[in-house]
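This report concerns only the one structure given below.
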Amino acid sequence: MDDEIRRLLSQAPRRSVMTRRDLLRRMGIGAGALSVTALAAACGIRGEAERNRTEENGAGQGPDYTTDEITGTLNFANWPLYIDRAKGKRPTIDDFEKSSDIQVNYQEVIEDNESFFGTIREPLANDQQIEWDLIVVTDWLIAKMARLGYLEQLDHSRLPNFEQNAGEVYKDPTYDPGNAHSIPWQSGITGIGYDPKRTGREITSFEDLFDPAFAGKVGMFTEMRDTMNLTLLGLGVDPQEATVEDAERAQQKLLEQREAGIVREYYGNEYADALIRGDVWITMAWSGDIFQLQFDDPDLQFVVPDEGGILWVDNMAIPQNAAHPIDALEFMNFVYDPEVAAQITAWVNYICPVPAAQDILAQAKDNYTQQVAQSPLVFPTPEMEARLHSYKTLEEDEEEAWNDLFNQVIQG
Amino acid sequence: MSATAAPQKPRARDRAPAPARTKRRGRWLGLYSKAVIAYLFLPIAVMILFGFNDPKGRFNYTFQGFTLRYYSPSELLAFPELNEAMRHSLIVMGISALAATTFGTLIALALTRYRFRGRGAFNLFLFLPMATPEITMGSALLALFVTLNVSRGLTTIVIAHIMFSISYVVVTVKARTATLDRHLEDAAADLGADPWTTFRTVTFPLIRPAILAGALLAAVLSFDDYVITLFNKGAVDTVPTWIAGATRIGVPVQVNVLGTLVFMVGVVYVVINLIRTRGEGTPAIAPR
Amino acid sequence: MRRGRLVPFLLSLPGAIWLLVFFALPMATMLSVSFQEGSLEEGYRFTGTATNYTDAVTKYDFILWRSLLFGLIVTALTLVISYPLAYWIAFRGGRRKNLYLLLILLPFFTPYLIRTLSWKFILADSGFLLGTLKDVGILDEGFRVLATPIAVISGMTYNFLPFMALPLYVALERIDGRFLEAAQDLYSSRRETFLRVTLPLSLPGVFAGSLLTFIPAVGDYIDPEYLGGVNTTMIGQVIQREFLTSNDYPEGAAISFLLMAGILVGVFLYARALGTEEMTG
């Protein structure tokens with residue numbers, strides 16, 4: 001039955017608007033084949049253990065794609081403003097289309113890891129093909145989706161540029177050993193952002209976020225992994241070695257911070273406007289945001305705490321049963337050409353996974369690109385890198401425990 | 001007596017000047033209302049202001065300089081998917097408001113003018129969509145679409161928007177139809193009008209303000225919707241979802257410009273008509 | 001009130017079918033989910049367990065109460081603010097009534113996030129409003145509006161104003177001005193006229209507006225998320241996290257139904273208090 005569904009779905013029109021005729025036709029054809037699945041799914045949510053996965057994605061098995069050919073189409077879902085643009089066009093996409101004869105359907109439909117996962121989880125759990133061949137999600141979600149079997153394995157023989165040009169720190173990461181399911185798109189650092197005019201002094205340590213002098217002016221993140229991992233580092237614990245007891249200690253510390261009235265708010269993306277307006281003086285921050293804010297206020301600083309900061313990576317991956325996986329691999333390889341990587345980072349201004357891009361950018365004529373090339377927030381220095389860690393990759397029960405602990409902190 | 005009958009020629013009594021005390025009272029009410037309207041427009045003024053901002057970085061949080069450049073065609077077209085999202089938002093808003101208002105008005109009429117079995121239960125049932133958290137409705141609806149193998153896109157967004165707007169329209173319109181005076185319609189019937197003509201010439205004009213109010217509410221609900229749309233939109237973006245994703249990198253000035261332009265269309269329409277109807281503000285028979 | 005057999009069903013049919021298919025059916029599935037247990041990896045199984053509900057009550061009862069309280073405050077505030085406005089439009093609007101209606105709705109045809117950002121600009125700790133007041137000395141240096149319950153309630157009041165104003169207007173608009181004029185002649189007092197005539201006649205609008213405000217306000221997620229601080233968590237945020245972060249769909253579903261039940265009880269009591277027949281027609 002899975003094959004039949006897959007076949008039906010691969011014939012589905014690629015338009016983003018579905019006509020009434022399509023809907024009726026789809027429902028007519030699919031009704032009989034799906035009735036059992038429909039009943040089962042309607043009465044519950046299928047889990048991964050139930051799915052018959054013996055022939056797919058077992059350890060040591062190679063990739064098992066729906067097709068081994070280049071089809072000429074690519075459906076690429078990304079975050080808004082996460083690829084270079086010039087005058088309403090996207091140069092990298094255009095370059096790729098020209099050089100490869102593959103049409104790219106690029107949609108900026110990812111707002112947030114969790115909500116995006118929430119929308120694609122349902123079809124993936126039912127072994128359906130989703131509309132995307134290529135998606136960009138953050139490392140912890142890669143680990144989670146790989147664990148659940150929602151990602152295709154990558155055929156690295158088609159990714160020579162990655163092997164050649166990617167920075168060492170991006171190869172074989174803890175969240176995706178051997179880059180089996182993903183390769184980086186852009187990355188960033190979680191550290192501390194602050195306004196020295198308001199804090200009155202330089203900030204170097206994680207403990208500064210707990211300074212009572214800044215009571216009511218400190219920002220922390222609602223993102224569980226950022227906050228918990230940074231706190232663990234602050235307690236001197238290597239996130240990769242952290243136990244549940246360590247997580248509990250981290251929770252205690254965060255609770256103290258809240259009880260003492262030091263935290264103003266637990267932020268998502270909105271800390272940036274709070275920081276620049278002075279509503280917070282010191283806050284957990286992402287490197288790319290501070291880089292942007294520094295154009296508006298050059299005094300703002302970003303620092304990787306002495307105890308350590310987090311290097312998070314947004315990765316390209318191919319969802320299970322994708323219709324055009326080889327085209328996706330072609331694109332993934334394309335963006336690891338140093339020239340292309342430089343072009344992307346020159347606009348996006350997050351951390352580039354291709355170190356060679358820095359030299360290319362340094363040769364640019366305009367001031368803006370020069371700043372990008374020289375900024376440690378886009379090309380971190382070795383001593384910054386030495387202090388950077390990855391999130392701890394959580395198993396499902398650990399994830400649940402950590403979520404429970406953290407929810408008690410932020411849900412007052 | 002119809003409240004919307006054409007204003008009669010002012011009688012001599014009404015032309016006499018009102019006592020100063022009540023004139024002042026009337027003015028306070030007008031002043032207060034204008035103050036509330038100003039309060040409603042305050043954040044919009046900020047939005048318009050920041051459409052003229054010239055930020056050096058990608059964020060549009062601090063005012064750094066006045067410029068018109070984001071109103072230039074090249075800048076306005078710099079984010080085609082934002083414009084596309086706006087187009088989608090407006091289309092969805094139009095269709096869903098129309099459908100929801102129609103369905104909701106019909107239900108309101110049925111509920112308030114007829115006694116039928118299950119009326120109470122149906123009434124209660126209508127409160128449920130308003131009371132359900134958006135994420136619950138959004139996920140549940142997505143699960144349904146997935147089960148039926150319906151691909152998500154503009155159609156599913158419209159379906160969802162109609163779904164959650166109906167109840168709001170019903171409650172709004174019911175506030176009027178519940179107290180509709182049946183004698184007028186009976187009179188029309190006595191005069192020989194068939195049900196459709198009665199509805200068209202008597203009922204509908206009476207409840208038209210309520211229908212308009214319901215339609216406006218449904219439109220606002222649709223335009224602003226984020227969570228339910230997020231789950232059921234597939235590859236299509238609406239303005240709230242695009243902006244939410246753009247927040248991570250920095251919401252571009254074009255968003256303010258686009259918002260201002262859409263807003264201005266409405267304002268221009270209102271202002272023009274206010275000028276046209278100048279002097280028709282206070283009806284001669286208003287309570288003092 | 002006619003005894004109808006076919007007509008009311010025909011009238012309700014399109015809307016009812018729509019809601020049945022796209023609301024009732026999915027929510028019935030959700031109800032079943034709320035009695036399930038499991039996880040993403042193992043799958044969720046229907047066990048008929050009520051632990052999701054009991055857990056919700058023990059863990060989140062204070063957040064539920066807070067959400068109900070905020071909902072009540074917001075409803076009261078929107079009522080007080082919009083009533084005079086609706087009155088003015090209904091009775092002083094004349095031919096321009098619809099224009100004024102459109103006018104008060106226009107601000108809400110702008111993207112929600114932009115409006116919220118604008119409020120954050122206006123209410124910034126050292127912004128042009130608070131900053132000026134602090135410089136002059138009226139306000140304490142440490143005073144803030146954002147990231148407090150006040151910000152959440154203010155934001156919700158602003159965003160829900162049309163939901164109260166519109167039904168109020170609808171009810172007030174039907175009142176014939178000459179009616180009031182006659183009443184004034186009888187009572188010869190504006191206050192009496194208002195209390196004895198206008199207010200009672202506008203009660204259906206008050207009831208409708210309260211419903212349209214209170215019901216969604218209690219479950220609101222977006223205002224406390226963007227305007228709230230440390231002790232302002234509302235139940236909508238909890239449900240959001242259960243669904244998206246914890247992927248605990250049974251728990252999220254259970255909390256949702258608890259919330260809905262709480263709201264319905266509140267609405268029922270309110271309807272009783274007002275003595276309206278709204279609940280049954």
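In the structure tokens, the first chain shown is A, the next is B, and so on; residue numbers restart at 1 for each chain, and ligands run from 1 in the order shown.
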### Task
Check every residue of chain B for an atom within 8 Å of chain A, counting only C-alpha atoms, and provide those that qualify as an MDAnalysis selection string.
chainID B and resid 55:59 61:62 64 74:75 77:81 139 142:144 146:155 230:232 234:237 241:242 244:249
### For Thr73 in chain A: contacts at 7 Å, only C-alpha atoms, fewer than 4 positions along chain excluded, given as JSON, numbers by chain
{"A": [102, 103, 104, 324, 327]}
Write the residues you've just listed into a file as a compact mmCIF listing (two decimals), in the first residue's frame, and include C-alpha atoms for each of them.
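The resulting out.txt:
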# COMPACT_ATOMS: atom_id res chain seq x y z
CA ILE A 102 17.07 22.31 -12.56
CA GLN A 103 14.05 24.50 -11.79
CA VAL A 104 13.95 25.52 -8.16
CA HIS A 324 13.51 14.80 -6.24
CA ASP A 327 18.29 17.40 -7.51
### Near-Phe210 in chain A list (12 Å; only C-alpha atoms; drop same-chain fewer than 4 positions) as a PyMOL selection string
chain A and resi 203+205-206+214-220+231+234+253-264+282-284
Please produce an output containing N, CA and C atoms for each residue in the selection, written as a CSV table (one decimal), in the first residue's frame.
chain,number,residue,atom,x,y,z
A,203,ILE,N,31.4,42.7,29.7
A,203,ILE,CA,30.8,41.4,30.2
A,203,ILE,C,31.7,40.3,29.6
A,205,SER,N,31.5,36.9,31.4
A,205,SER,CA,31.1,35.6,32.0
A,205,SER,C,29.7,35.3,32.0
A,206,PHE,N,29.3,34.0,32.0
A,206,PHE,CA,27.9,33.6,32.1
A,206,PHE,C,27.3,34.1,33.4
A,214,PHE,N,21.8,44.1,37.4
A,214,PHE,CA,21.0,44.2,36.2
A,214,PHE,C,19.6,43.7,36.3
A,215,ALA,N,19.1,43.6,37.6
A,215,ALA,CA,17.8,43.0,37.8
A,215,ALA,C,16.7,43.7,37.0
A,216,GLY,N,15.9,42.9,36.3
A,216,GLY,CA,14.8,43.4,35.5
A,216,GLY,C,15.3,43.8,34.1
A,217,LYS,N,16.6,43.7,33.9
A,217,LYS,CA,17.1,44.1,32.6
A,217,LYS,C,17.9,42.9,31.9
A,218,VAL,N,17.6,41.7,32.3
A,218,VAL,CA,18.3,40.6,31.7
A,218,VAL,C,17.3,39.8,30.9
A,219,GLY,N,17.8,39.3,29.7
A,219,GLY,CA,17.0,38.5,28.9
A,219,GLY,C,17.5,37.1,28.8
A,220,MET,N,16.6,36.1,28.8
A,220,MET,CA,17.0,34.7,28.6
A,220,MET,C,16.1,34.2,27.5
A,231,THR,N,23.5,27.3,30.3
A,231,THR,CA,23.6,27.2,31.8
A,231,THR,C,24.5,26.1,32.2
A,234,GLY,N,27.8,27.2,31.9
A,234,GLY,CA,28.1,28.1,33.0
A,234,GLY,C,28.4,27.4,34.3
A,253,LYS,N,19.5,26.7,39.1
A,253,LYS,CA,20.1,28.0,38.9
A,253,LYS,C,19.2,29.0,38.2
A,254,LEU,N,18.5,28.4,37.1
A,254,LEU,CA,17.6,29.3,36.4
A,254,LEU,C,16.4,29.8,37.2
A,255,LEU,N,15.9,28.9,38.1
A,255,LEU,CA,14.8,29.2,39.0
A,255,LEU,C,15.3,30.3,39.9
A,256,GLU,N,16.5,30.2,40.5
A,256,GLU,CA,17.0,31.3,41.4
A,256,GLU,C,17.0,32.6,40.6
A,257,GLN,N,17.5,32.5,39.4
A,257,GLN,CA,17.6,33.8,38.6
A,257,GLN,C,16.2,34.4,38.5
A,258,ARG,N,15.2,33.6,38.3
A,258,ARG,CA,13.9,34.1,38.1
A,258,ARG,C,13.3,34.6,39.4
A,259,GLU,N,13.4,33.8,40.5
A,259,GLU,CA,12.9,34.2,41.8
A,259,GLU,C,13.4,35.6,42.2
A,260,ALA,N,14.7,35.8,41.9
A,260,ALA,CA,15.4,37.0,42.3
A,260,ALA,C,15.0,38.2,41.5
A,261,GLY,N,14.1,38.0,40.5
A,261,GLY,CA,13.6,39.1,39.7
A,261,GLY,C,14.6,39.6,38.8
A,262,ILE,N,15.6,38.8,38.4
A,262,ILE,CA,16.7,39.3,37.6
A,262,ILE,C,16.3,39.2,36.1
A,263,VAL,N,15.5,38.2,35.8
A,263,VAL,CA,15.1,38.0,34.4
A,263,VAL,C,13.9,38.9,34.1
A,264,ARG,N,14.0,39.6,33.0
A,264,ARG,CA,12.9,40.4,32.6
A,264,ARG,C,11.9,39.6,31.8
A,282,ILE,N,21.5,43.3,29.0
A,282,ILE,CA,22.3,42.2,28.8
A,282,ILE,C,21.4,41.0,28.6
A,283,THR,N,21.7,40.2,27.6
A,283,THR,CA,20.8,39.1,27.2
A,283,THR,C,21.5,38.0,26.5
A,284,MET,N,20.9,36.8,26.6
A,284,MET,CA,21.4,35.7,25.7
A,284,MET,C,21.1,36.2,24.3
Per-residue nearest contacts of chain C to chain A (8 Å; only C-alpha atoms) as a tab-separated table:
residue	atom	partner	partner_atom	distance
C:Thr29	CA	A:Ala42	CA	6.4
C:Ser32	CA	A:Cys43	CA	7.0
C:Val33	CA	A:Gly44	CA	6.3
C:Gln36	CA	A:Gly44	CA	7.9
C:Ser39	CA	A:Gly47	CA	7.3
C:Leu40	CA	A:Gly47	CA	5.5
C:Glu41	CA	A:Glu48	CA	5.1
C:Glu42	CA	A:Gly47	CA	5.0
C:Gly43	CA	A:Gly47	CA	3.1
C:Tyr44	CA	A:Ile45	CA	5.5
C:Arg45	CA	A:Gly44	CA	6.5
C:Phe46	CA	A:Gly44	CA	7.1
C:Ile63	CA	A:Gly412	CA	7.8
C:Ala124	CA	A:Asp279	CA	6.4
C:Asp125	CA	A:Asp279	CA	5.6
C:Ser126	CA	A:Gly278	CA	6.9
C:Gly127	CA	A:Arg277	CA	7.4
C:Ala147	CA	A:Glu265	CA	6.3
C:Tyr226	CA	A:Glu270	CA	7.7
C:Gly228	CA	A:Glu265	CA	7.2
C:Gly229	CA	A:Glu265	CA	4.6
C:Val230	CA	A:Glu265	CA	5.4
C:Asn231	CA	A:Gly412	CA	4.7
C:Thr232	CA	A:Gly412	CA	6.7
C:Thr233	CA	A:Gln411	CA	5.6
C:Val238	CA	A:Gln411	CA	7.5
C:Phe243	CA	A:Gly118	CA	7.9
C:Leu244	CA	A:Glu114	CA	5.4
C:Thr245	CA	A:Glu114	CA	6.2
C:Ser246	CA	A:Asn403	CA	6.5
Generate a file of the selected residues that holds C-alpha atoms, formatted as a tab-separated table (two decimals), in the first residue's frame.
chain	number	residue	atom	x	y	z
C	29	THR	CA	-10.30	12.95	17.02
C	32	SER	CA	-9.88	10.68	21.57
C	33	VAL	CA	-6.25	11.81	21.60
C	36	GLN	CA	-4.24	8.45	24.87
C	39	SER	CA	5.27	9.35	22.56
C	40	LEU	CA	6.47	10.25	19.11
C	41	GLU	CA	8.70	7.24	18.94
C	42	GLU	CA	6.42	4.59	20.31
C	43	GLY	CA	3.22	5.98	18.94
C	44	TYR	CA	0.16	6.96	20.87
C	45	ARG	CA	-2.36	4.46	22.04
C	46	PHE	CA	-5.88	4.90	23.26
C	63	ILE	CA	-2.23	29.29	35.00
C	124	ALA	CA	9.65	51.06	25.69
C	125	ASP	CA	11.18	51.63	29.11
C	126	SER	CA	13.11	54.65	27.88
C	127	GLY	CA	11.01	55.39	24.85
C	147	ALA	CA	6.95	42.42	30.33
C	226	TYR	CA	5.13	38.86	22.95
C	228	GLY	CA	4.43	39.20	28.75
C	229	GLY	CA	7.14	38.82	31.28
C	230	VAL	CA	8.09	36.23	33.81
C	231	ASN	CA	4.88	35.70	35.75
C	232	THR	CA	2.30	36.23	33.07
C	233	THR	CA	2.08	32.80	31.47
C	238	VAL	CA	1.12	26.11	27.84
C	243	PHE	CA	1.97	20.54	21.16
C	244	LEU	CA	5.06	21.96	19.57
C	245	THR	CA	7.89	21.61	22.05
C	246	SER	CA	7.03	18.60	24.12
### Task
List every residue of range 160-214 of chain A that DSSP, applied to the backbone of this structure, assigns to strand (DSSP E or B), and report them as a list in words.
Ser182, Ile183, Pro184, Trp185, Gln186, Ser187, Gly188, Ile189, Thr190, Gly191, Ile192, Gly193 and Tyr194 of chain A
Please produce an output containing C-alpha atoms for each residue in the selection, written as a PDB file, in the first residue's frame.
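This is the output file result38.pdb:
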ATOM      1  CA  SER A 182      22.537  16.611   6.710  1.00  0.00           C
ATOM      2  CA  ILE A 183      25.182  19.127   5.846  1.00  0.00           C
ATOM      3  CA  PRO A 184      25.344  22.661   7.248  1.00  0.00           C
ATOM      4  CA  TRP A 185      23.685  25.653   5.621  1.00  0.00           C
ATOM      5  CA  GLN A 186      24.644  28.462   7.935  1.00  0.00           C
ATOM      6  CA  SER A 187      25.457  28.469  11.598  1.00  0.00           C
ATOM      7  CA  GLY A 188      25.505  30.857  14.498  1.00  0.00           C
ATOM      8  CA  ILE A 189      26.643  31.254  18.032  1.00  0.00           C
ATOM      9  CA  THR A 190      24.543  31.537  21.143  1.00  0.00           C
ATOM     10  CA  GLY A 191      26.321  33.799  23.556  1.00  0.00           C
ATOM     11  CA  ILE A 192      25.702  37.050  25.378  1.00  0.00           C
ATOM     12  CA  GLY A 193      24.797  40.355  23.835  1.00  0.00           C
ATOM     13  CA  TYR A 194      24.979  43.550  25.830  1.00  0.00           C
TER      14      TYR A 194
END
When you look at Asp238 in chain A with a cut-off of 10 Å (counting only C-alpha atoms), what residues show up, excluding the ones that are within fewer than 3 positions of it in the same chain? I need them as an mmCIF file with C-alpha atoms, in the first residue's frame.
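Output contents, as saved in result_37.cif:
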data_model
loop_
_atom_site.group_PDB
_atom_site.id
_atom_site.type_symbol
_atom_site.label_atom_id
_atom_site.label_comp_id
_atom_site.auth_asym_id
_atom_site.auth_seq_id
_atom_site.Cartn_x
_atom_site.Cartn_y
_atom_site.Cartn_z
ATOM 1 C CA ASN A 229 23.076 24.112 27.421
ATOM 2 C CA LEU A 230 24.461 27.567 28.087
ATOM 3 C CA LEU A 232 25.297 23.833 31.897
ATOM 4 C CA LEU A 233 28.421 25.404 30.453
ATOM 5 C CA GLY A 234 28.088 28.128 33.039
ATOM 6 C CA LEU A 235 28.105 25.446 35.723
ATOM 7 C CA GLU A 241 28.460 14.649 29.256
ATOM 8 C CA ALA A 242 25.515 16.183 31.037
ATOM 9 C CA THR A 243 23.341 13.892 33.096
ATOM 10 C CA ASP A 246 23.232 18.193 35.883
ATOM 11 C CA GLU A 307 32.725 29.250 30.349
ATOM 12 C CA GLY A 308 31.694 28.515 26.798
ATOM 13 C CA HIS A 389 30.182 23.549 22.041
ATOM 14 C CA SER A 390 27.257 21.821 20.413
ATOM 15 C CA TYR A 391 23.923 21.124 22.027
ATOM 16 C CA LYS A 392 23.682 17.844 23.800
#
### Query
What does the distance between CA of Gly142 in chain C and CA of Leu227 in chain C come to in Å, to one decimal place?
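These two atoms are separated by 17.7 Å.
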### Task
May I have all residues of range 86-153 of chain C that DSSP, computed from the backbone, assigns to helix (DSSP H, G or I), given as a ChimeraX atom specification?
/C:86-92,94-109,112-122,130-136,149-153
File dump, residues just selected, C-alpha atoms, as a PDB file, in the first residue's frame:
ATOM      1  CA  ALA C  86     -20.509  52.291  20.063  1.00  0.00           C
ATOM      2  CA  TYR C  87     -23.203  54.560  21.472  1.00  0.00           C
ATOM      3  CA  TRP C  88     -21.731  57.549  19.703  1.00  0.00           C
ATOM      4  CA  ILE C  89     -21.513  55.778  16.366  1.00  0.00           C
ATOM      5  CA  ALA C  90     -25.015  54.344  16.678  1.00  0.00           C
ATOM      6  CA  PHE C  91     -26.732  57.571  17.648  1.00  0.00           C
ATOM      7  CA  ARG C  92     -24.530  60.328  16.350  1.00  0.00           C
ATOM      8  CA  GLY C  94     -26.252  59.212  11.038  1.00  0.00           C
ATOM      9  CA  ARG C  95     -25.427  58.416   7.460  1.00  0.00           C
ATOM     10  CA  ARG C  96     -21.805  58.009   8.353  1.00  0.00           C
ATOM     11  CA  LYS C  97     -22.335  55.092  10.712  1.00  0.00           C
ATOM     12  CA  ASN C  98     -20.801  52.521   8.420  1.00  0.00           C
ATOM     13  CA  LEU C  99     -17.848  54.775   7.762  1.00  0.00           C
ATOM     14  CA  TYR C 100     -17.115  55.131  11.447  1.00  0.00           C
ATOM     15  CA  LEU C 101     -17.446  51.405  11.833  1.00  0.00           C
ATOM     16  CA  LEU C 102     -14.912  50.857   9.102  1.00  0.00           C
ATOM     17  CA  LEU C 103     -12.709  53.494  10.663  1.00  0.00           C
ATOM     18  CA  ILE C 104     -12.448  51.734  13.997  1.00  0.00           C
ATOM     19  CA  LEU C 105     -11.744  48.458  12.278  1.00  0.00           C
ATOM     20  CA  LEU C 106      -9.094  49.733   9.875  1.00  0.00           C
ATOM     21  CA  PRO C 107      -6.194  49.571  12.355  1.00  0.00           C
ATOM     22  CA  PHE C 108      -6.769  45.842  12.627  1.00  0.00           C
ATOM     23  CA  PHE C 109      -6.133  45.249   8.966  1.00  0.00           C
ATOM     24  CA  TYR C 112      -0.514  41.789  14.136  1.00  0.00           C
ATOM     25  CA  LEU C 113       3.248  41.539  14.689  1.00  0.00           C
ATOM     26  CA  ILE C 114       3.774  45.022  13.324  1.00  0.00           C
ATOM     27  CA  ARG C 115       1.150  46.416  15.673  1.00  0.00           C
ATOM     28  CA  THR C 116       2.790  44.658  18.594  1.00  0.00           C
ATOM     29  CA  LEU C 117       6.217  45.929  17.611  1.00  0.00           C
ATOM     30  CA  SER C 118       4.755  49.406  17.452  1.00  0.00           C
ATOM     31  CA  TRP C 119       3.380  49.057  20.972  1.00  0.00           C
ATOM     32  CA  LYS C 120       6.794  47.882  22.128  1.00  0.00           C
ATOM     33  CA  PHE C 121       8.233  51.021  20.615  1.00  0.00           C
ATOM     34  CA  ILE C 122       5.619  53.235  22.249  1.00  0.00           C
ATOM     35  CA  LEU C 130       7.896  56.496  29.399  1.00  0.00           C
ATOM     36  CA  GLY C 131      11.296  58.067  28.906  1.00  0.00           C
ATOM     37  CA  THR C 132       9.866  61.543  28.887  1.00  0.00           C
ATOM     38  CA  LEU C 133       7.763  60.862  31.951  1.00  0.00           C
ATOM     39  CA  LYS C 134      10.802  59.503  33.737  1.00  0.00           C
ATOM     40  CA  ASP C 135      12.958  62.466  32.801  1.00  0.00           C
ATOM     41  CA  VAL C 136      10.363  64.818  34.129  1.00  0.00           C
ATOM     42  CA  PRO C 149       0.710  41.716  33.392  1.00  0.00           C
ATOM     43  CA  ILE C 150      -0.310  45.293  32.588  1.00  0.00           C
ATOM     44  CA  ALA C 151       1.259  45.014  29.147  1.00  0.00           C
ATOM     45  CA  VAL C 152      -0.478  41.729  28.453  1.00  0.00           C
ATOM     46  CA  ILE C 153      -3.879  43.026  29.532  1.00  0.00           C
TER      47      ILE C 153
END
#### Entry: Proximity to chain C - best of B:Leu106, B:Ala218, B:Leu261, B:Leu49, only C-alpha atoms
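Among the listed residues, the smallest separation from chain C belongs to B:Leu106.
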### Query
Near Phe204 in chain B, within 12 Å and counting only C-alpha atoms, which residues show up once chain neighbours fewer than 6 positions away are dropped, as number ranges by chain?
B: 4, 105-106, 109, 173, 176-177, 180, 184-185, 195-198, 210-212
Once you have the residues from the selection above, write them out as a compact mmCIF listing (two decimals), in the first residue's frame, restricted to N, CA and C atoms.
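The result, written out as again_32.txt:
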# COMPACT_ATOMS: atom_id res chain seq x y z
N THR B 4 -33.81 52.92 10.26
CA THR B 4 -33.03 53.44 9.13
C THR B 4 -33.91 54.16 8.14
N THR B 105 -24.91 34.28 8.84
CA THR B 105 -26.17 35.01 8.85
C THR B 105 -27.35 34.05 8.75
N LEU B 106 -27.22 33.08 7.84
CA LEU B 106 -28.30 32.10 7.69
C LEU B 106 -28.55 31.37 9.01
N LEU B 109 -30.31 33.62 11.53
CA LEU B 109 -31.74 33.73 11.24
C LEU B 109 -32.47 32.48 11.69
N VAL B 173 -24.52 38.69 14.43
CA VAL B 173 -25.79 38.92 13.74
C VAL B 173 -26.96 38.62 14.66
N ARG B 176 -28.73 41.17 16.66
CA ARG B 176 -29.73 42.00 16.00
C ARG B 176 -30.99 41.22 15.68
N THR B 177 -30.80 40.03 15.10
CA THR B 177 -31.97 39.27 14.69
C THR B 177 -32.79 38.80 15.88
N LEU B 180 -35.47 41.34 16.42
CA LEU B 180 -36.13 41.82 15.22
C LEU B 180 -37.64 41.85 15.43
N LEU B 184 -43.23 43.91 11.32
CA LEU B 184 -42.96 44.50 10.02
C LEU B 184 -43.05 43.46 8.92
N GLU B 185 -42.47 42.31 9.21
CA GLU B 185 -42.50 41.27 8.20
C GLU B 185 -43.92 40.73 8.02
N PRO B 195 -42.19 35.38 0.71
CA PRO B 195 -41.08 35.38 1.70
C PRO B 195 -39.81 36.02 1.17
N TRP B 196 -39.46 35.75 -0.10
CA TRP B 196 -38.22 36.29 -0.60
C TRP B 196 -38.27 37.82 -0.69
N THR B 197 -39.39 38.33 -1.19
CA THR B 197 -39.51 39.79 -1.28
C THR B 197 -39.49 40.42 0.11
N THR B 198 -40.19 39.76 1.05
CA THR B 198 -40.17 40.25 2.42
C THR B 198 -38.76 40.33 2.94
N ALA B 210 -25.83 44.64 11.05
CA ALA B 210 -25.26 43.51 11.78
C ALA B 210 -24.46 42.62 10.85
N ILE B 211 -24.95 42.44 9.64
CA ILE B 211 -24.23 41.61 8.68
C ILE B 211 -22.90 42.27 8.32
N LEU B 212 -22.93 43.57 8.14
CA LEU B 212 -21.69 44.29 7.84
C LEU B 212 -20.71 44.13 8.98
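In this comparison, which uses only C-alpha atoms, the residue of B:Tyr71, B:Phe52, B:Tyr269, B:Phe66 approaching chain C most closely is B:Tyr269.
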### Message
Calculated over only C-alpha atoms, which of the candidates B:Val268, B:Ile48, B:Leu76, B:Ala175 has the smallest distance to chain C?
### Response
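Residue with the minimum atom-to-atom distance to chain C: B:Ala175.
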#### Entry: Nearest candidate to chain C (options B:Arg208, B:Val227, B:Thr67, B:Met47; using only C-alpha atoms)
B:Met47
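Counting from CA of Lys365 in chain A, the distance to CA of Thr92 in chain A is 19.6 Å.
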### Task
List the neighbours of Pro133 in chain B out to 7 Å using only C-alpha atoms; skip same-chain residues closer than 6 positions along the sequence, and give me the result as a list of chain:residue names.
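The residues satisfying every condition are C:Gly219, C:Gly236, C:Ser256.
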